[in-house]
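Undergrad: Have a peek at run-v8.cif (mmCIF, C-alpha atoms and all ligand atoms).
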```cif
data_protein
loop_
_atom_site.label_atom_id
_atom_site.label_comp_id
_atom_site.auth_asym_id
_atom_site.auth_seq_id
_atom_site.Cartn_x
_atom_site.Cartn_y
_atom_site.Cartn_z
CA MET A 684 0.00 0.00 0.00
CA ASP A 685 1.26 3.48 -0.81
CA SER A 686 1.89 4.99 2.57
CA GLU A 687 1.09 8.45 1.21
CA ARG A 688 -2.46 7.30 0.52
CA SER A 689 -3.00 6.26 4.09
CA GLY A 690 -3.57 8.24 7.24
CA GLN A 691 -6.14 10.81 8.24
CA VAL A 692 -6.37 12.84 5.11
CA PHE A 693 -9.26 15.15 4.56
CA GLU A 694 -11.07 14.15 1.39
CA ASP A 695 -14.52 15.68 1.60
CA PRO A 696 -14.89 17.55 -1.69
CA GLN A 697 -17.95 19.45 -0.51
CA GLU A 698 -16.19 20.77 2.54
CA SER A 699 -13.02 21.45 0.62
CA SER A 700 -14.82 23.45 -2.05
CA ASP A 701 -16.70 25.34 0.66
CA LEU A 702 -13.42 26.23 2.27
CA ALA A 703 -11.91 27.23 -1.02
CA ALA A 704 -14.93 29.31 -1.95
CA SER A 705 -15.07 31.07 1.40
CA GLY A 706 -11.38 31.84 1.31
CA THR A 707 -10.69 29.94 4.51
CA SER A 708 -7.03 29.18 5.01
CA PRO A 709 -6.08 26.53 2.46
CA SER A 710 -3.78 24.99 5.03
CA ALA A 711 -6.91 23.46 6.61
CA VAL A 712 -7.21 21.03 3.69
CA GLU A 713 -4.81 18.17 3.13
CA TRP A 714 -4.63 15.79 0.19
CA ALA A 715 -2.25 12.88 -0.15
CA VAL A 716 -0.34 12.27 -3.39
CA GLY A 717 -2.65 9.41 -4.42
CA ALA A 718 -5.75 11.53 -3.97
CA VAL A 719 -4.25 14.42 -5.94
CA SER A 720 -3.26 11.96 -8.64
CA ASP A 721 -6.87 10.69 -8.84
CA ARG A 722 -8.30 14.20 -8.92
CA LEU A 723 -6.01 15.58 -11.59
CA GLY A 724 -5.23 12.46 -13.62
CA LEU A 725 -1.47 12.92 -13.13
CA SER A 726 0.71 10.04 -12.03
CA PRO A 727 2.09 10.07 -8.48
CA ALA A 728 5.58 9.85 -10.01
CA THR A 729 5.03 13.09 -11.97
CA LEU A 730 3.71 14.82 -8.87
CA ARG A 731 6.77 13.80 -6.88
CA THR A 732 9.13 14.86 -9.65
CA TRP A 733 7.52 18.29 -9.99
CA ASP A 734 7.83 18.73 -6.26
CA ARG A 735 11.47 17.63 -6.07
CA ARG A 736 12.77 19.39 -9.17
CA TYR A 737 10.63 22.52 -9.47
CA GLY A 738 9.09 23.12 -6.07
CA ILE A 739 5.57 22.58 -7.45
CA GLY A 740 4.28 20.47 -4.62
CA PRO A 741 2.74 20.40 -1.21
CA SER A 742 3.28 23.19 1.26
CA GLN A 743 2.96 20.69 4.09
CA ARG A 744 4.25 17.29 5.12
CA THR A 745 3.18 14.95 7.84
CA GLU A 746 5.50 14.23 10.74
CA GLY A 747 6.49 11.11 8.84
CA GLY A 748 7.47 13.26 5.85
CA HIS A 749 4.53 12.36 3.59
CA ARG A 750 3.34 14.99 1.16
CA ARG A 751 0.08 16.78 1.95
CA TYR A 752 -1.34 19.15 -0.65
CA SER A 753 -3.61 22.07 0.16
CA GLU A 754 -6.26 23.25 -2.31
CA GLU A 755 -3.94 26.08 -3.25
CA ASP A 756 -1.04 23.67 -3.86
CA ILE A 757 -3.36 21.67 -6.12
CA ARG A 758 -4.26 24.79 -8.09
CA ARG A 759 -0.56 25.44 -8.66
CA VAL A 760 -0.13 21.88 -9.91
CA ARG A 761 -3.07 22.42 -12.28
CA VAL A 762 -1.39 25.50 -13.76
CA MET A 763 1.87 23.57 -14.13
CA ALA A 764 0.02 20.70 -15.82
CA ARG A 765 -1.77 23.02 -18.20
CA PHE A 766 1.43 24.74 -19.35
CA THR A 767 3.44 21.55 -19.75
CA ALA A 768 0.57 19.96 -21.68
CA ARG A 769 0.84 22.88 -24.13
CA GLY A 770 4.57 22.19 -24.58
CA VAL A 771 6.01 24.86 -22.27
CA PRO A 772 9.28 23.52 -20.75
CA ALA A 773 8.75 22.33 -17.18
CA GLN A 774 11.22 24.87 -15.72
CA SER A 775 9.42 27.85 -17.28
CA ALA A 776 6.00 26.44 -16.45
CA ALA A 777 7.08 26.07 -12.84
CA ARG A 778 8.41 29.66 -12.72
CA VAL A 779 5.04 31.02 -13.89
CA ALA A 780 3.05 28.77 -11.55
CA LEU A 781 5.21 29.77 -8.57
CA SER A 782 4.82 33.46 -9.35
CA MET A 783 1.01 33.33 -8.99
CA ASP A 784 -0.63 34.45 -5.76
CA SER A 785 -3.79 32.86 -4.30
CA ASP A 786 -6.21 35.10 -6.19
CA ARG A 787 -4.48 34.55 -9.50
CA LEU A 788 -4.47 30.77 -9.00
CA LEU A 789 -8.20 30.80 -8.22
CA ILE A 790 -8.95 32.76 -11.39
CA GLU A 791 -6.70 30.53 -13.52
CA THR A 792 -8.17 27.24 -12.35
CA GLY A 793 -11.82 28.03 -11.58
CA ASN A 794 -13.16 26.38 -14.75
CA GLU A 795 -11.14 23.22 -14.35
CA GLU A 796 -12.33 22.78 -10.76
CA ALA A 797 -15.91 23.06 -11.93
CA THR A 798 -15.47 20.13 -14.35
CA GLU A 799 -13.74 17.89 -11.85
CA VAL A 800 -15.54 14.68 -11.03
CA PRO A 801 -16.89 15.14 -7.51
CA ARG A 802 -15.62 12.67 -4.95
CA GLY A 803 -17.54 11.28 -2.07
CA ASP A 804 -19.11 8.21 -0.55
CA ASP A 805 -21.78 6.21 -2.40
CA HIS A 806 -24.45 8.68 -1.38
CA GLY A 807 -22.33 11.55 -2.71
CA THR A 808 -21.76 9.67 -5.96
CA VAL A 809 -25.49 9.05 -6.36
CA GLU A 810 -26.10 12.76 -5.85
CA ALA A 811 -23.38 13.60 -8.34
CA ILE A 812 -25.04 11.33 -10.93
CA CYS A 813 -28.43 12.95 -10.33
CA SER A 814 -26.97 16.39 -10.62
CA ALA A 815 -25.06 15.53 -13.83
CA ALA A 816 -28.31 14.09 -15.22
CA LEU A 817 -30.21 17.21 -14.24
CA SER A 818 -27.67 19.44 -15.94
CA LEU A 819 -27.62 17.13 -18.99
CA ASP A 820 -23.85 16.59 -18.76
CA PRO A 821 -22.93 13.39 -20.64
CA GLY A 822 -19.18 13.83 -20.08
CA MET A 823 -19.60 14.05 -16.34
CA LEU A 824 -21.96 11.06 -16.28
CA SER A 825 -19.40 8.93 -18.17
CA LYS A 826 -16.62 10.02 -15.87
CA ILE A 827 -18.61 9.19 -12.74
CA TYR A 828 -19.76 5.82 -14.09
CA GLN A 829 -16.25 4.92 -15.25
CA ARG A 830 -14.64 5.91 -12.01
CA THR A 831 -17.20 3.91 -10.06
CA LEU A 832 -16.54 0.87 -12.24
CA ARG A 833 -12.81 1.32 -11.71
CA GLU A 834 -13.08 1.56 -7.98
CA ARG A 835 -15.82 -0.99 -7.23
CA ASP A 836 -16.61 -4.43 -8.53
CA LEU A 837 -19.63 -4.47 -10.82
CA VAL A 838 -22.11 -5.90 -8.30
CA ALA A 839 -21.15 -3.26 -5.72
CA ALA A 840 -21.16 -0.48 -8.32
CA TRP A 841 -24.64 -1.49 -9.51
CA THR A 842 -26.13 -2.24 -6.10
CA HIS A 843 -24.76 0.70 -4.15
CA VAL A 844 -24.42 3.40 -6.79
CA PHE A 845 -26.10 2.83 -10.17
CA ALA A 846 -29.40 1.29 -9.03
CA PRO A 847 -29.89 3.83 -6.20
CA ALA A 848 -29.08 6.62 -8.68
CA LEU A 849 -31.64 5.22 -11.15
CA ARG A 850 -34.23 4.99 -8.41
CA ALA A 851 -33.48 8.55 -7.28
CA ILE A 852 -33.76 9.74 -10.88
CA GLY A 853 -37.06 7.85 -11.23
CA ASP A 854 -38.35 9.41 -8.01
CA GLN A 855 -37.33 12.90 -9.13
CA TRP A 856 -38.98 12.30 -12.48
CA GLY A 857 -42.12 11.09 -10.68
CA ALA A 858 -42.11 14.22 -8.52
CA GLY A 859 -41.69 16.42 -11.59
CA SER A 860 -38.34 17.85 -10.47
CA LEU A 861 -36.35 16.22 -13.28
CA GLY A 862 -37.24 15.94 -16.96
CA VAL A 863 -37.52 12.68 -18.84
CA GLU A 864 -34.60 13.82 -21.02
CA SER A 865 -32.34 13.66 -17.96
CA GLU A 866 -33.58 10.13 -17.25
CA HIS A 867 -32.88 9.13 -20.85
CA LEU A 868 -29.39 10.63 -20.78
CA ALA A 869 -28.40 9.03 -17.47
CA SER A 870 -29.57 5.61 -18.71
CA GLU A 871 -28.11 5.93 -22.22
CA ILE A 872 -24.65 6.73 -20.87
CA LEU A 873 -24.92 3.87 -18.39
CA VAL A 874 -25.87 1.54 -21.24
CA THR A 875 -22.65 2.57 -23.02
CA GLU A 876 -20.52 1.92 -19.95
CA LEU A 877 -22.13 -1.45 -19.18
CA ARG A 878 -21.73 -2.50 -22.80
CA SER A 879 -18.05 -1.70 -22.61
CA VAL A 880 -17.74 -4.00 -19.57
CA ILE A 881 -19.49 -6.72 -21.61
CA ARG A 882 -17.20 -6.12 -24.60
CA ALA A 883 -14.06 -6.19 -22.49
CA ASN A 884 -15.04 -9.45 -20.77
CA ARG A 885 -17.03 -11.31 -23.40
CA PRO A 886 -15.85 -14.92 -23.36
CA ARG A 887 -14.40 -15.89 -26.78
CA ASN A 888 -15.57 -19.43 -27.22
CA ALA A 889 -18.29 -19.83 -24.69
CA ASP A 890 -21.68 -20.90 -25.97
CA SER A 891 -24.43 -18.48 -25.10
CA GLU A 892 -26.12 -20.86 -22.78
CA ALA A 893 -28.34 -18.41 -20.95
CA ILE A 894 -30.91 -16.19 -22.61
CA LEU A 895 -31.55 -12.81 -21.01
CA ALA A 896 -34.63 -10.91 -22.14
CA CYS A 897 -37.08 -8.24 -21.13
CA ALA A 898 -40.72 -9.17 -21.10
CA ASP A 899 -42.91 -8.17 -24.01
CA ASN A 900 -43.27 -4.39 -24.15
CA GLU A 901 -40.87 -3.84 -21.26
CA GLN A 902 -38.49 -1.00 -22.06
CA HIS A 903 -36.35 -1.08 -18.94
CA TYR A 904 -33.32 -3.18 -19.78
CA LEU A 905 -30.47 -1.74 -17.71
CA PRO A 906 -30.66 -4.54 -15.10
CA LEU A 907 -30.41 -7.03 -17.95
CA LEU A 908 -27.23 -5.39 -19.20
CA ALA A 909 -25.77 -5.32 -15.71
CA LEU A 910 -26.47 -9.03 -15.46
CA GLU A 911 -24.92 -9.78 -18.85
CA ALA A 912 -21.85 -7.79 -17.82
CA GLU A 913 -21.54 -9.63 -14.51
CA LEU A 914 -21.92 -13.02 -16.20
CA ALA A 915 -19.25 -12.00 -18.71
CA ARG A 916 -16.97 -11.11 -15.81
CA HIS A 917 -17.47 -14.69 -14.64
CA GLY A 918 -16.49 -15.95 -18.10
CA VAL A 919 -20.06 -16.90 -18.97
CA GLY A 920 -21.53 -15.79 -22.26
CA ALA A 921 -25.22 -14.96 -22.55
CA LEU A 922 -27.58 -14.08 -25.32
CA GLY A 923 -28.75 -10.64 -24.21
CA LEU A 924 -31.88 -9.70 -26.15
CA GLY A 925 -32.55 -6.34 -24.52
CA ALA A 926 -35.84 -4.51 -24.27
CA ARG A 927 -39.35 -5.50 -25.43
CA VAL A 928 -38.88 -9.07 -26.59
CA PRO A 929 -42.21 -10.15 -28.12
CA THR A 930 -43.57 -13.27 -26.47
CA GLN A 931 -43.91 -14.93 -29.86
CA ALA A 932 -40.23 -14.33 -30.66
CA LEU A 933 -39.28 -15.73 -27.28
CA GLN A 934 -41.45 -18.75 -27.96
CA SER A 935 -39.69 -19.56 -31.29
CA LEU A 936 -36.29 -19.03 -29.72
CA LEU A 937 -37.07 -21.28 -26.78
CA LEU A 938 -38.32 -24.06 -29.01
CA SER A 939 -35.42 -23.82 -31.44
CA ARG A 940 -32.55 -23.41 -28.96
CA ARG A 941 -33.91 -25.24 -25.94
CA PRO A 942 -31.77 -23.18 -23.53
CA SER A 943 -31.16 -24.47 -20.04
CA ARG A 944 -31.32 -21.02 -18.44
CA LEU A 945 -33.62 -18.09 -19.06
CA PHE A 946 -33.66 -14.75 -17.26
CA LEU A 947 -36.66 -12.46 -17.72
CA TRP A 948 -36.92 -8.88 -16.48
CA ALA A 949 -40.06 -6.82 -15.87
CA SER A 950 -40.21 -3.42 -14.18
CA ILE A 951 -43.81 -2.78 -15.24
CA SER A 952 -46.58 -4.96 -13.79
CA ARG A 953 -47.46 -8.03 -15.87
CA ALA A 954 -50.89 -9.61 -16.23
CA VAL A 955 -51.30 -12.92 -14.42
CA ASP A 956 -52.99 -14.45 -17.44
CA GLU A 957 -50.51 -13.37 -20.12
CA LYS A 958 -49.43 -15.64 -22.97
CA LEU A 959 -45.91 -16.03 -21.60
CA TRP A 960 -47.07 -18.60 -19.04
CA GLU A 961 -48.69 -20.68 -21.79
CA VAL A 962 -45.46 -20.54 -23.78
CA LEU A 963 -43.50 -21.77 -20.77
CA GLY A 964 -46.04 -24.59 -20.53
CA GLU A 965 -44.72 -25.86 -23.89
CA VAL A 966 -41.23 -26.41 -22.50
CA ARG A 967 -40.28 -30.10 -22.51
CA TRP A 968 -36.71 -29.92 -21.21
CA PRO A 969 -35.23 -28.80 -17.89
CA LEU A 970 -35.28 -25.01 -17.87
CA ALA A 971 -34.05 -22.83 -14.98
CA LEU A 972 -36.18 -19.70 -15.21
CA VAL A 973 -35.00 -16.70 -13.21
CA LEU A 974 -37.43 -13.80 -12.84
CA GLY A 975 -36.16 -10.34 -11.92
CA GLY A 976 -37.84 -6.99 -11.41
CA PRO A 977 -40.88 -5.78 -9.53
CA GLY A 978 -43.30 -6.42 -12.44
CA TRP A 979 -43.90 -10.16 -11.99
CA PRO A 980 -46.91 -11.55 -10.14
CA ASP A 981 -46.17 -12.98 -6.69
CA GLU A 982 -47.09 -16.46 -7.81
CA PRO A 983 -46.50 -16.78 -11.53
CA PRO A 984 -48.56 -19.64 -13.01
CA VAL A 985 -45.57 -21.49 -14.44
CA PRO A 986 -46.08 -25.24 -14.87
CA ASP A 987 -43.51 -26.93 -12.64
CA ARG A 988 -42.88 -30.16 -14.53
CA TRP A 989 -39.88 -28.90 -16.54
CA VAL A 990 -39.46 -25.29 -15.47
CA THR A 991 -37.85 -24.39 -12.15
CA VAL A 992 -38.58 -20.79 -11.17
CA THR A 993 -36.32 -18.64 -9.02
CA ARG A 994 -37.10 -15.05 -8.05
CA ALA A 995 -33.94 -12.95 -7.97
CA SER A 996 -34.06 -9.94 -5.72
CA ASP A 997 -30.82 -8.33 -6.83
CA LEU A 998 -27.93 -8.55 -9.27
CA ALA A 999 -25.88 -10.84 -7.05
CA SER A 1000 -28.65 -13.39 -6.56
CA ALA A 1001 -29.58 -13.35 -10.26
CA THR A 1002 -25.95 -14.03 -11.17
CA GLN A 1003 -25.77 -16.80 -8.62
CA ALA A 1004 -28.98 -18.40 -9.89
CA LEU A 1005 -27.71 -18.39 -13.47
CA LEU A 1006 -24.28 -19.72 -12.54
CA ALA A 1007 -25.64 -22.51 -10.33
CA PRO A 1008 -25.25 -26.04 -11.69
CA LEU A 1009 -28.42 -27.41 -13.25
CA PRO A 1010 -30.45 -29.72 -11.02
C1 LIG A 1101 -34.33 4.46 -16.68
C2 LIG A 1101 -35.86 4.36 -16.63
C3 LIG A 1101 -36.56 4.38 -17.83
C4 LIG A 1101 -35.88 4.36 -19.18
C5 LIG A 1101 -35.34 2.94 -19.44
C6 LIG A 1101 -34.03 2.95 -20.18
C7 LIG A 1101 -33.34 1.61 -20.19
N1 LIG A 1101 -32.43 1.50 -21.12
O1 LIG A 1101 -33.56 0.71 -19.39
C8 LIG A 1101 -37.01 4.81 -20.13
C9 LIG A 1101 -36.91 6.32 -20.29
C10 LIG A 1101 -37.03 4.16 -21.50
C11 LIG A 1101 -38.24 4.50 -19.28
C12 LIG A 1101 -39.49 4.37 -19.80
C13 LIG A 1101 -40.63 4.22 -19.05
N2 LIG A 1101 -40.71 4.21 -17.70
CO1 LIG A 1101 -39.16 4.13 -16.55
N3 LIG A 1101 -37.81 4.22 -15.27
C14 LIG A 1101 -36.53 4.25 -15.39
C15 LIG A 1101 -35.88 4.23 -14.01
C16 LIG A 1101 -35.42 5.64 -13.68
C17 LIG A 1101 -34.72 3.24 -13.83
C18 LIG A 1101 -35.06 1.83 -14.33
C19 LIG A 1101 -34.08 0.80 -13.88
O2 LIG A 1101 -33.17 0.42 -14.58
N4 LIG A 1101 -34.24 0.32 -12.68
C20 LIG A 1101 -33.35 -0.73 -12.16
C21 LIG A 1101 -33.57 -0.93 -10.69
C22 LIG A 1101 -32.91 0.27 -10.05
O3 LIG A 1101 -34.94 -1.06 -10.50
P1 LIG A 1101 -35.74 -1.39 -9.18
O4 LIG A 1101 -37.10 -1.70 -9.61
O5 LIG A 1101 -35.60 -0.34 -8.18
O6 LIG A 1101 -35.03 -2.67 -8.63
C23 LIG A 1101 -35.46 -3.33 -7.50
C24 LIG A 1101 -35.36 -4.79 -7.68
O7 LIG A 1101 -35.82 -5.15 -8.90
C25 LIG A 1101 -33.92 -5.11 -7.42
N5 LIG A 1101 -32.91 -4.98 -8.46
C26 LIG A 1101 -32.18 -3.90 -8.71
N6 LIG A 1101 -31.32 -4.16 -9.69
C27 LIG A 1101 -31.46 -5.43 -10.05
C28 LIG A 1101 -30.78 -6.22 -10.98
C29 LIG A 1101 -31.16 -7.53 -11.17
C30 LIG A 1101 -30.47 -8.36 -12.19
C31 LIG A 1101 -32.20 -8.09 -10.36
C32 LIG A 1101 -32.61 -9.47 -10.56
C33 LIG A 1101 -32.85 -7.30 -9.41
C34 LIG A 1101 -32.47 -5.98 -9.26
O8 LIG A 1101 -33.62 -4.23 -6.44
C35 LIG A 1101 -34.51 -3.12 -6.40
C36 LIG A 1101 -35.13 -3.11 -5.03
O9 LIG A 1101 -36.42 -3.53 -5.01
C37 LIG A 1101 -37.08 3.74 -13.13
C38 LIG A 1101 -37.01 4.13 -11.67
C39 LIG A 1101 -36.84 2.88 -10.79
N7 LIG A 1101 -37.20 2.99 -9.57
O10 LIG A 1101 -36.41 1.85 -11.23
C40 LIG A 1101 -38.30 4.25 -13.92
C41 LIG A 1101 -39.60 3.47 -13.79
C42 LIG A 1101 -39.32 1.99 -13.72
N8 LIG A 1101 -40.27 3.83 -15.03
C43 LIG A 1101 -41.55 3.97 -14.90
C44 LIG A 1101 -42.45 4.27 -15.95
C45 LIG A 1101 -43.89 4.55 -15.55
C46 LIG A 1101 -42.02 4.31 -17.30
C47 LIG A 1101 -42.90 4.55 -18.55
C48 LIG A 1101 -44.22 3.81 -18.54
C49 LIG A 1101 -43.09 6.07 -18.65
C50 LIG A 1101 -43.99 6.52 -19.79
N9 LIG A 1101 -45.11 7.03 -19.41
O11 LIG A 1101 -43.62 6.41 -20.92
C51 LIG A 1101 -41.97 4.16 -19.72
C52 LIG A 1101 -42.16 2.90 -20.51
C53 LIG A 1101 -42.25 1.66 -19.78
C54 LIG A 1101 -42.34 0.37 -20.54
N10 LIG A 1101 -43.36 0.05 -21.29
O12 LIG A 1101 -41.45 -0.41 -20.37
C55 LIG A 1101 -41.97 3.75 -13.46
C56 LIG A 1101 -42.64 2.38 -13.28
C57 LIG A 1101 -43.84 2.43 -12.35
C58 LIG A 1101 -44.52 1.09 -12.39
N11 LIG A 1101 -44.06 0.16 -11.57
O13 LIG A 1101 -45.42 0.88 -13.12
C59 LIG A 1101 -40.63 3.94 -12.69
C60 LIG A 1101 -40.52 3.14 -11.37
C61 LIG A 1101 -40.47 5.46 -12.42
C62 LIG A 1101 -41.43 5.99 -11.36
N12 LIG A 1101 -40.91 6.50 -10.26
O14 LIG A 1101 -42.61 6.01 -11.51
N13 LIG A 1101 -37.92 4.39 -17.97
#
```
Would you write out, as structure tokens, the structure that this file holds?
Ligand code: B12

TA:
Amino acid sequence: MDSERSGQVFEDPQESSDLAASGTSPSAVEWAVGAVSDRLGLSPATLRTWDRRYGIGPSQRTEGGHRRYSEEDIRRVRVMARFTARGVPAQSAARVALSMDSDRLLIETGNEEATEVPRGDDHGTVEAICSAALSLDPGMLSKIYQRTLRERDLVAAWTHVFAPALRAIGDQWGAGSLGVESEHLASEILVTELRSVIRANRPRNADSEAILACADNEQHYLPLLALEAELARHGVGALGLGARVPTQALQSLLLSRRPSRLFLWASISRAVDEKLWEVLGEVRWPLALVLGGPGWPDEPPVPDRWVTVTRASDLASATQALLAPLP
């Protein structure tokens, strides 16, 4: 573990920006090298080199000698990074950055700070997603989703961040405080990110043994994608059919492929007497059916001779049910 990442380092972005905005002494805020590296996208090695060679570094150190950056130190590093990125030699860039006083640094870096991905706990990340959706900011949404996927495993990212954010967005839409365009944007960008997890992990030679589909007329398919991505991470390929799979199409597919596992998602309430149950009655081979989503009836009328039904309450249990050996 990088010792400079450890210790009691203040990392509350809300509080830090409040302090910065109110002009409170920047020495109150301390960031370790790793945290500065995450915030600015610069490697820890570069940060250390700039400190050692050019004096562009932290104004404080811990008793153990570890670097601790203040918000003002970070602004100076931003200026240095901007000049060097434009090809200005490091020595000259450092001279300019060091010549700037607090006010000048604030003016120079204000815009960049505004586009920084906010940091925080899961709750803070959910709020950041909602606020990026509200301000229709696709770049910020991608950054937040990507960072979450980098820092958490997929099940944790979905369960603790993405699903709560989707629910919060749904609630805000229901209350009229967020437009449907924000809901579309937040889900479209998440679709892109989940698809890239699927692409990066898709097993090369695995047969697509499981079929994943949304019920007829069901447009909500993000949970399906999350499941496909998680199965791919386990090296299991699946045939992900996405939204609104007509019951008739599902029927032909079932009869022609005779899959051993089928996952069906429904967010919107289904009728107890719909054709799907009849179709499942035609199954004449062992089929593990996993139902996910709040739309299914409590006791679906599935004939139990060949079809075993499991209700999955979350991504982890759906994955488990589809990975379990067949009875
Ligand atoms: C994104 C979204 C959309 C997008 C979907 C985009 C996409 N690519 O999927 C779009 C804009 C297309 C859309 C359309 C509609 N939507 Co919509 N949508 C949502 C939203 C915000 C997120 C959906 C989602 O992915 N949820 C995933 C998880 C977060 O859902 P969950 O139900 O909370 O999950 C629970 C469990 O199922 C489980 N769980 C969570 N994740 C997983 C994963 C797996 C694998 C498993 C097994 C379980 C599981 O844990 C949760 C705890 O109970 C929800 C809000 C919400 N609360 O879900 C509304 C919501 C589902 N939509 C709603 C509605 C009404 C609609 C529309 C009818 C609106 C309209 N008038 O046009 C349409 C069309 C619906 C249709 N015919 O399918 C309502 C549904 C109300 C209802 N039950 O009838 C909701 C709840 C919004 C609301 N607050 O009213 N929507």

Undergrad: Mind dumping a table of every chain A residue within 7 Å of ligand LIG 1101 (chain A), with the nearest atom pair and its distance in Å to one decimal, using all atoms listed in the file, sorted by chain and rising number, as a tab-separated table?

TA:
```
residue	atom	partner	partner_atom	distance
A:Thr842	CA	A:LIG1101	N6	6.6
A:Ala846	CA	A:LIG1101	C22	3.8
A:Pro847	CA	A:LIG1101	C22	6.1
A:Leu849	CA	A:LIG1101	C17	4.5
A:Arg850	CA	A:LIG1101	N7	3.8
A:Ile852	CA	A:LIG1101	C16	5.2
A:Gly853	CA	A:LIG1101	C16	3.7
A:Asp854	CA	A:LIG1101	N12	4.5
A:Trp856	CA	A:LIG1101	N12	6.5
A:Gly857	CA	A:LIG1101	N12	4.8
A:Val863	CA	A:LIG1101	C9	6.6
A:Glu866	CA	A:LIG1101	C1	5.7
A:His867	CA	A:LIG1101	C9	4.9
A:Ser870	CA	A:LIG1101	C1	5.3
A:Glu871	CA	A:LIG1101	N1	6.3
A:Val874	CA	A:LIG1101	N1	6.6
A:Asn900	CA	A:LIG1101	N10	5.3
A:Glu901	CA	A:LIG1101	O12	3.6
A:Gln902	CA	A:LIG1101	O12	3.5
A:His903	CA	A:LIG1101	O1	3.3
A:Tyr904	CA	A:LIG1101	O1	3.9
A:Leu905	CA	A:LIG1101	O1	4.3
A:Pro906	CA	A:LIG1101	C28	4.5
A:Leu907	CA	A:LIG1101	C30	5.9
A:Ala909	CA	A:LIG1101	C30	6.6
A:Leu910	CA	A:LIG1101	C30	5.2
A:Ser950	CA	A:LIG1101	C42	5.5
A:Ile951	CA	A:LIG1101	O13	4.5
A:Ser952	CA	A:LIG1101	O13	6.0
A:Leu974	CA	A:LIG1101	C32	6.9
A:Gly975	CA	A:LIG1101	C32	3.9
A:Gly976	CA	A:LIG1101	O7	3.7
A:Pro977	CA	A:LIG1101	O7	5.1
A:Gly978	CA	A:LIG1101	N11	6.7
A:Ala995	CA	A:LIG1101	C32	4.5
A:Ser996	CA	A:LIG1101	C33	4.7
A:Asp997	CA	A:LIG1101	C33	3.4
A:Leu998	CA	A:LIG1101	C30	3.9
A:Ser1000	CA	A:LIG1101	C32	6.9
A:Ala1001	CA	A:LIG1101	C32	4.9
```

Undergrad: Could you write out that same residue set with C-alpha atoms as a CSV table (one decimal), in the coordinates of the input?

TA:
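As a result, out-v1.csv now contains:
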```csv
chain,number,residue,atom,x,y,z
A,842,THR,CA,-26.1,-2.2,-6.1
A,846,ALA,CA,-29.4,1.3,-9.0
A,847,PRO,CA,-29.9,3.8,-6.2
A,849,LEU,CA,-31.6,5.2,-11.2
A,850,ARG,CA,-34.2,5.0,-8.4
A,852,ILE,CA,-33.8,9.7,-10.9
A,853,GLY,CA,-37.1,7.8,-11.2
A,854,ASP,CA,-38.4,9.4,-8.0
A,856,TRP,CA,-39.0,12.3,-12.5
A,857,GLY,CA,-42.1,11.1,-10.7
A,863,VAL,CA,-37.5,12.7,-18.8
A,866,GLU,CA,-33.6,10.1,-17.2
A,867,HIS,CA,-32.9,9.1,-20.8
A,870,SER,CA,-29.6,5.6,-18.7
A,871,GLU,CA,-28.1,5.9,-22.2
A,874,VAL,CA,-25.9,1.5,-21.2
A,900,ASN,CA,-43.3,-4.4,-24.2
A,901,GLU,CA,-40.9,-3.8,-21.3
A,902,GLN,CA,-38.5,-1.0,-22.1
A,903,HIS,CA,-36.4,-1.1,-18.9
A,904,TYR,CA,-33.3,-3.2,-19.8
A,905,LEU,CA,-30.5,-1.7,-17.7
A,906,PRO,CA,-30.7,-4.5,-15.1
A,907,LEU,CA,-30.4,-7.0,-18.0
A,909,ALA,CA,-25.8,-5.3,-15.7
A,910,LEU,CA,-26.5,-9.0,-15.5
A,950,SER,CA,-40.2,-3.4,-14.2
A,951,ILE,CA,-43.8,-2.8,-15.2
A,952,SER,CA,-46.6,-5.0,-13.8
A,974,LEU,CA,-37.4,-13.8,-12.8
A,975,GLY,CA,-36.2,-10.3,-11.9
A,976,GLY,CA,-37.8,-7.0,-11.4
A,977,PRO,CA,-40.9,-5.8,-9.5
A,978,GLY,CA,-43.3,-6.4,-12.4
A,995,ALA,CA,-33.9,-13.0,-8.0
A,996,SER,CA,-34.1,-9.9,-5.7
A,997,ASP,CA,-30.8,-8.3,-6.8
A,998,LEU,CA,-27.9,-8.6,-9.3
A,1000,SER,CA,-28.6,-13.4,-6.6
A,1001,ALA,CA,-29.6,-13.4,-10.3
```

Undergrad: So that I can check the surroundings of stretch 771-787 of chain A, please list as an NGL selection string every protein, DNA and RNA residue that reaches within 10 Å of it, counting only C-alpha atoms and ignoring chain neighbours fewer than 6 positions away.

TA: :A and (706 or 709 or 733-734 or 736-739 or 755-756 or 758-765)

Undergrad: Counting only C-alpha atoms, what is within 9 Å of A:Leu922, bar same-chain residues fewer than 4 positions away, as a VMD selection string?

TA: chain A and resid 891 to 896 911

Undergrad: Distance atom CA of A:Thr930-atom CA of A:Ile872, one decimal place?

TA: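 Rounded to one decimal, the two atoms are 28.1 Å apart.
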
Undergrad: So what do you get for atom CA of A:Met823 versus atom CA of A:Pro727, distance-wise?

TA: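 Going from atom CA of A:Met823 over to atom CA of A:Pro727 covers 23.4 Å.
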
Undergrad: Please identify all polymer residues within 12 Å of A:Arg731, counting all atoms listed in the file, omitting same-chain residues fewer than 4 positions from it, and present them as a list in words.

TA: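 So the residues in contact are Glu687, Ala715, Val716, Gly717, Val719, Ser720, Leu725, Ser726, Pro727, Arg735, Arg736, Tyr737, Gly738, Ile739, Gly740, Pro741, His749, Arg750, Arg751, Tyr752 and Val760 of chain A.
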
Undergrad: Quick check, in Å to one decimal: how far apart do atom CA of A:Leu945 and atom CA of A:His843 lie?

TA: 25.6 Å
